[in-house]
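The structure appears right after this line, and notes come after that.
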Amino acid sequence: MVWDVLIFLLQAGVAFVVSTALFDALHWLLHRWEQSPSPLLRKFSSWHWVHHKFLGLDMQVNPAYARQNIWFHILPEYLTSMVGTALFLLIFPWPPILAVAVLRTIMLGMTLREEGLDYNHMSMDRVGGNQSLLWVNNNYHAMHHVYPHNFFSSFANVFDLIAGTGCQIEGRRFLITGTGGAFGGALVKALEKRGAIVETAKSGVDFSPGNYEAMREKLERADVLVLSHGAKEVDCWNANYVTFRDLIETFTAIGRTRLAPPEVWALGSEVEFHGDMGLPELKDYSASKRAFAARARSYYRSDDLIYRHIVPSSFTSAMGKGAMSAETAVGIALFFITRGVKYVPVTLTGLAVLNFFRFRYGNNATDEVPAAAE
């Protein structure tokens, strides 16, 4: 009996998730058709854009478009999802398919009763940074209305994970530190190739520990702050901990009045997992990187920003020969980031993957931090 129930739930879950992804794929096509040479496809796209007039780029609902939103978005979404659900009658028995159809119809009725307003479609003064990777919450879907050419998943985040539409890069302003290094330099080229607007900042010129005033104007212009500077031997605590912490907190404070949350990408290291391995030359580097990772957990969990922690294995740079080129490391990082991943393992060894559990489920303690760094 228990096994039968589990099978029923599994079949219903698969039918719901996959049929939802089919609508998400159609949703993506409707946006792509905006520039289609076909007048008919452009017309279909224009009908869908009524939905974005109903809930605009400013995340405010315009009731004047409520009825059109029902006809051109809500009902097509329901019908597409129902067709996708019905297709599962070819492989599953009818009871779980009927259950999904009933659930979808109930959801439709509730949305119609509220004239298009539901959990994912309501006015918001600020979009939060807490956005699940596997399931779509209201913060995640709000990003689609702020950046309409990405964030297409509607319930289960299947489509964006497959299509790489879980992060907006084109047209956003990136402020990147450490661009004189291999990773930062390669990242600038990769982002510009994807249509990003990139500005750079240099440690010791634009900022230094305790002195960030020269950075404020650049931080105010930026949508995304990328921290890829650092040191392995000299002044590790200031390079790898103090400046990372201070720049993130300054940028987060600046972004509190923005509609979309500020976004930060920070470069970590596999040393967070294996430590200094008894090597004196790695002692300060390891301790400073581990201390920042411990602090970064609070950013990762915060609703005030979107924080992405990039953990690469060794790559070729001025610090020495690595297992991959910086360009390869950047390519792997962007593969994950464009799928909405917030902990980004860039690894051949697998240590960065194992480090996820230490990073995700550890505490925020920073006992190893010297008093001078605090």
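Chain labels follow the order of the structure tokens: the first chain is A, the next B, and so on; residue numbering restarts at 1 in every chain, and ligands are counted from 1 in their shown order.
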
(message) Please list as a ChimeraX atom specification every residue within 10 Å of segment 174-187 of chain A, counting only C-alpha atoms and excluding residues in the same chain fewer than 4 positions away.
(response) /A:169,191-193,196-203,206-207,215,218-230,263-267,312,315-319,325-331,333-334

(request) Identify, with DSSP run on backbone atoms, the residues in segment 297-326 of chain A assigned to strand (DSSP E or B), and express the list as JSON, numbers by chain. (result) {"A": [306, 307, 308, 309, 310, 311, 312, 315, 317, 320, 324]}

Since we have the selection now, will you write its residues out, keeping C-alpha atoms, as a compact mmCIF listing (two decimals), in the first residue's frame?
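Here's the written file out_20.txt:
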```txt
# COMPACT_ATOMS: atom_id res chain seq x y z
CA ILE A 306 22.55 37.33 -4.18
CA TYR A 307 25.91 35.85 -3.23
CA ARG A 308 27.83 33.36 -5.40
CA HIS A 309 30.89 31.59 -3.98
CA ILE A 310 33.26 30.39 -6.72
CA VAL A 311 35.65 27.64 -5.61
CA PRO A 312 38.23 26.70 -8.27
CA PHE A 315 44.47 27.04 -12.67
CA SER A 317 48.32 31.96 -13.26
CA GLY A 320 52.13 28.84 -10.90
CA MET A 324 43.43 24.04 -16.21
```

(request) Would you kindly return, as a list in words, each protein, DNA or RNA residue with an atom no farther than 8 Å from any atom of segment 16-28 of chain A, considering only C-alpha atoms and excluding same-chain residues fewer than 5 positions away? (result) Glu77, Thr80, Ser81, Met82, Val83, Gly84, Thr85, Val100, His149, Phe152, Ser153, Ser154, Phe155, Ala156, Val158 and Phe159 of chain A

What would the file look like if the residues just selected were written as an mmCIF file, in the first residue's frame with C-alpha atoms?
```cif
data_model
loop_
_atom_site.group_PDB
_atom_site.id
_atom_site.type_symbol
_atom_site.label_atom_id
_atom_site.label_comp_id
_atom_site.auth_asym_id
_atom_site.auth_seq_id
_atom_site.Cartn_x
_atom_site.Cartn_y
_atom_site.Cartn_z
ATOM 1 C CA GLU A 77 -0.255 28.654 -19.656
ATOM 2 C CA THR A 80 -0.241 24.240 -22.566
ATOM 3 C CA SER A 81 0.422 22.622 -19.200
ATOM 4 C CA MET A 82 -2.735 20.513 -19.502
ATOM 5 C CA VAL A 83 -1.689 19.257 -22.936
ATOM 6 C CA GLY A 84 1.718 18.363 -21.521
ATOM 7 C CA THR A 85 0.039 16.606 -18.606
ATOM 8 C CA VAL A 100 -2.321 16.680 -11.704
ATOM 9 C CA HIS A 149 14.919 37.546 -21.183
ATOM 10 C CA PHE A 152 11.774 31.464 -17.336
ATOM 11 C CA SER A 153 11.081 28.599 -14.905
ATOM 12 C CA SER A 154 7.654 28.907 -13.270
ATOM 13 C CA PHE A 155 7.394 26.183 -10.603
ATOM 14 C CA ALA A 156 10.200 23.634 -10.664
ATOM 15 C CA VAL A 158 14.021 22.657 -14.719
ATOM 16 C CA PHE A 159 14.065 24.839 -17.815
#
```

(request) Excluding Thr252 of chain A and residues on its chain fewer than 2 positions from it, collect all residues at most 7 Å away from it, counting only C-alpha atoms, and give them as an NGL selection string. (result) :A and (248-250 or 254-256 or 262 or 304-305)

(message) Just list as a ChimeraX atom specification whatever in segment 188-344 of chain A DSSP marks as helix (DSSP H, G or I).
(response) /A:188-193,213-221,236-257,271-274,280-301,326-337

(message) Would you pick out the contacts of segment 94-98 of chain A at 10 Å or less, using only C-alpha atoms, so that residues sharing its chain but fewer than 5 positions from it are not included, and give the list as a list in words?
(response) Ile7, Phe8, Leu9, Leu10, Gln11, Ala12, Gly13, Val14, Ala15, Phe16, Met82, Thr85, Ala86, Leu87, Phe88, Leu89, Leu103 and Arg104 of chain A

(message) Set the distance at 10 Å and use only C-alpha atoms: which residues neighbour Asn240 of chain A once local chain neighbours fewer than 5 positions away are removed? I'd like the list as number ranges by chain.
(response) A: 227-232, 235, 245, 267-268, 284-293

Keeping only N, CA and C atoms, take the residues you just selected and write them out as an mmCIF file, in the first residue's frame.
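Dumped everything to out-v9.cif:
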```
data_model
loop_
_atom_site.group_PDB
_atom_site.id
_atom_site.type_symbol
_atom_site.label_atom_id
_atom_site.label_comp_id
_atom_site.auth_asym_id
_atom_site.auth_seq_id
_atom_site.Cartn_x
_atom_site.Cartn_y
_atom_site.Cartn_z
ATOM 1 N N LEU A 227 34.690 39.820 -6.909
ATOM 2 C CA LEU A 227 35.934 39.942 -6.151
ATOM 3 C C LEU A 227 36.858 38.795 -6.541
ATOM 4 N N SER A 228 37.880 39.101 -7.339
ATOM 5 C CA SER A 228 38.817 38.055 -7.760
ATOM 6 C C SER A 228 40.259 38.432 -7.438
ATOM 7 N N HIS A 229 40.438 39.468 -6.600
ATOM 8 C CA HIS A 229 41.788 39.800 -6.166
ATOM 9 C C HIS A 229 42.172 38.888 -5.007
ATOM 10 N N GLY A 230 43.399 38.959 -4.567
ATOM 11 C CA GLY A 230 43.840 38.136 -3.437
ATOM 12 C C GLY A 230 45.346 38.024 -3.394
ATOM 13 N N ALA A 231 45.822 37.356 -2.356
ATOM 14 C CA ALA A 231 47.267 37.146 -2.184
ATOM 15 C C ALA A 231 47.488 35.779 -1.571
ATOM 16 N N LYS A 232 48.611 35.165 -1.911
ATOM 17 C CA LYS A 232 48.921 33.827 -1.406
ATOM 18 C C LYS A 232 50.001 33.845 -0.332
ATOM 19 N N ASP A 235 50.531 39.683 3.048
ATOM 20 C CA ASP A 235 49.333 40.428 3.458
ATOM 21 C C ASP A 235 48.051 39.670 3.135
ATOM 22 N N ARG A 245 35.378 41.311 2.834
ATOM 23 C CA ARG A 245 34.285 41.590 3.780
ATOM 24 C C ARG A 245 33.789 43.029 3.643
ATOM 25 N N LEU A 267 35.706 34.950 -5.264
ATOM 26 C CA LEU A 267 36.569 33.815 -5.587
ATOM 27 C C LEU A 267 37.127 33.201 -4.311
ATOM 28 N N GLY A 268 36.774 31.938 -4.092
ATOM 29 C CA GLY A 268 37.312 31.192 -2.966
ATOM 30 C C GLY A 268 38.458 30.298 -3.416
ATOM 31 N N ASP A 284 48.935 31.297 6.407
ATOM 32 C CA ASP A 284 48.124 32.512 6.390
ATOM 33 C C ASP A 284 47.108 32.501 5.251
ATOM 34 N N TYR A 285 47.526 31.985 4.097
ATOM 35 C CA TYR A 285 46.615 31.907 2.954
ATOM 36 C C TYR A 285 45.413 31.037 3.299
ATOM 37 N N SER A 286 45.671 29.867 3.850
ATOM 38 C CA SER A 286 44.600 28.945 4.209
ATOM 39 C C SER A 286 43.682 29.544 5.270
ATOM 40 N N ALA A 287 44.292 30.110 6.316
ATOM 41 C CA ALA A 287 43.488 30.659 7.416
ATOM 42 C C ALA A 287 42.616 31.815 6.937
ATOM 43 N N SER A 288 43.158 32.692 6.097
ATOM 44 C CA SER A 288 42.386 33.846 5.629
ATOM 45 C C SER A 288 41.255 33.413 4.702
ATOM 46 N N LYS A 289 41.516 32.439 3.836
ATOM 47 C CA LYS A 289 40.481 31.947 2.931
ATOM 48 C C LYS A 289 39.383 31.214 3.702
ATOM 49 N N ARG A 290 39.788 30.430 4.694
ATOM 50 C CA ARG A 290 38.790 29.710 5.493
ATOM 51 C C ARG A 290 37.945 30.671 6.313
ATOM 52 N N ALA A 291 38.586 31.718 6.825
ATOM 53 C CA ALA A 291 37.853 32.699 7.620
ATOM 54 C C ALA A 291 36.844 33.446 6.758
ATOM 55 N N PHE A 292 37.247 33.804 5.533
ATOM 56 C CA PHE A 292 36.283 34.489 4.671
ATOM 57 C C PHE A 292 35.136 33.553 4.291
ATOM 58 N N ALA A 293 35.439 32.292 3.995
ATOM 59 C CA ALA A 293 34.380 31.341 3.650
ATOM 60 C C ALA A 293 33.377 31.212 4.785
#
```

(message) Which residue is closest to Val50 of chain A? Choose from A:Thr111, A:Asn211, A:Ser123, A:Gln68 and count only C-alpha atoms.
(response) A:Gln68

(request) Would you work out the distance separating atom CA of Ser45 of chain A from atom CA of Pro148 of chain A, expressed in Å to one decimal? (result)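 These atoms are spaced 12.4 Å apart.
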
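Of the residues listed (A:Phe72, A:Ala190, A:Asn157, A:His121), A:Asn157 shows the shortest atom-to-atom separation from Val136 of chain A; distances use only C-alpha atoms.
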
(message) As an exercise, work out the distance from atom CA of Phe335 of chain A to atom CA of Ser313 of chain A in Å and give it to one decimal place.
(response) 15.8 Å

(message) Applying 12 Å and only C-alpha atoms, which residues near Gln131 of chain A remain after dropping the ones on its own chain fewer than 5 positions away? List them as a ChimeraX atom specification.
(response) /A:136-143,151,157,166-167,261,300-308,340-342

(request) Using only C-alpha atoms, find the one residue out of A:Tyr65, A:Arg358, A:Gly56, A:Ser269 that sits nearest to Val346 of chain A. (result)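 Among the listed residues, the smallest separation from Val346 of chain A belongs to A:Ser269.
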
(message) Ranking A:Met124, A:Val5, A:Leu351, A:Leu108 by minimum distance to Gly275 of chain A and counting only C-alpha atoms, which one comes first?
(response)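 The shortest atom-to-atom distance to Gly275 of chain A comes from A:Leu351.
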
(request) Rank nothing, just name the residue among A:Phe54, A:Phe357, A:Phe92, A:Trp71 nearest to Met122 of chain A, using only C-alpha atoms. (result)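 Counting only C-alpha atoms, the residue closest to Met122 of chain A is A:Phe54.
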
(message) Please compute the atom CA of His31 of chain A-atom CA of Tyr343 of chain A distance, one decimal, in Å.
(response)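 Between atom CA of His31 of chain A and atom CA of Tyr343 of chain A the gap works out to 28.7 Å.
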
(message) Ranking A:Leu117, A:Leu79, A:Met1, A:Val127 by minimum distance to Thr257 of chain A and counting only C-alpha atoms, which one comes first?
(response) A:Val127
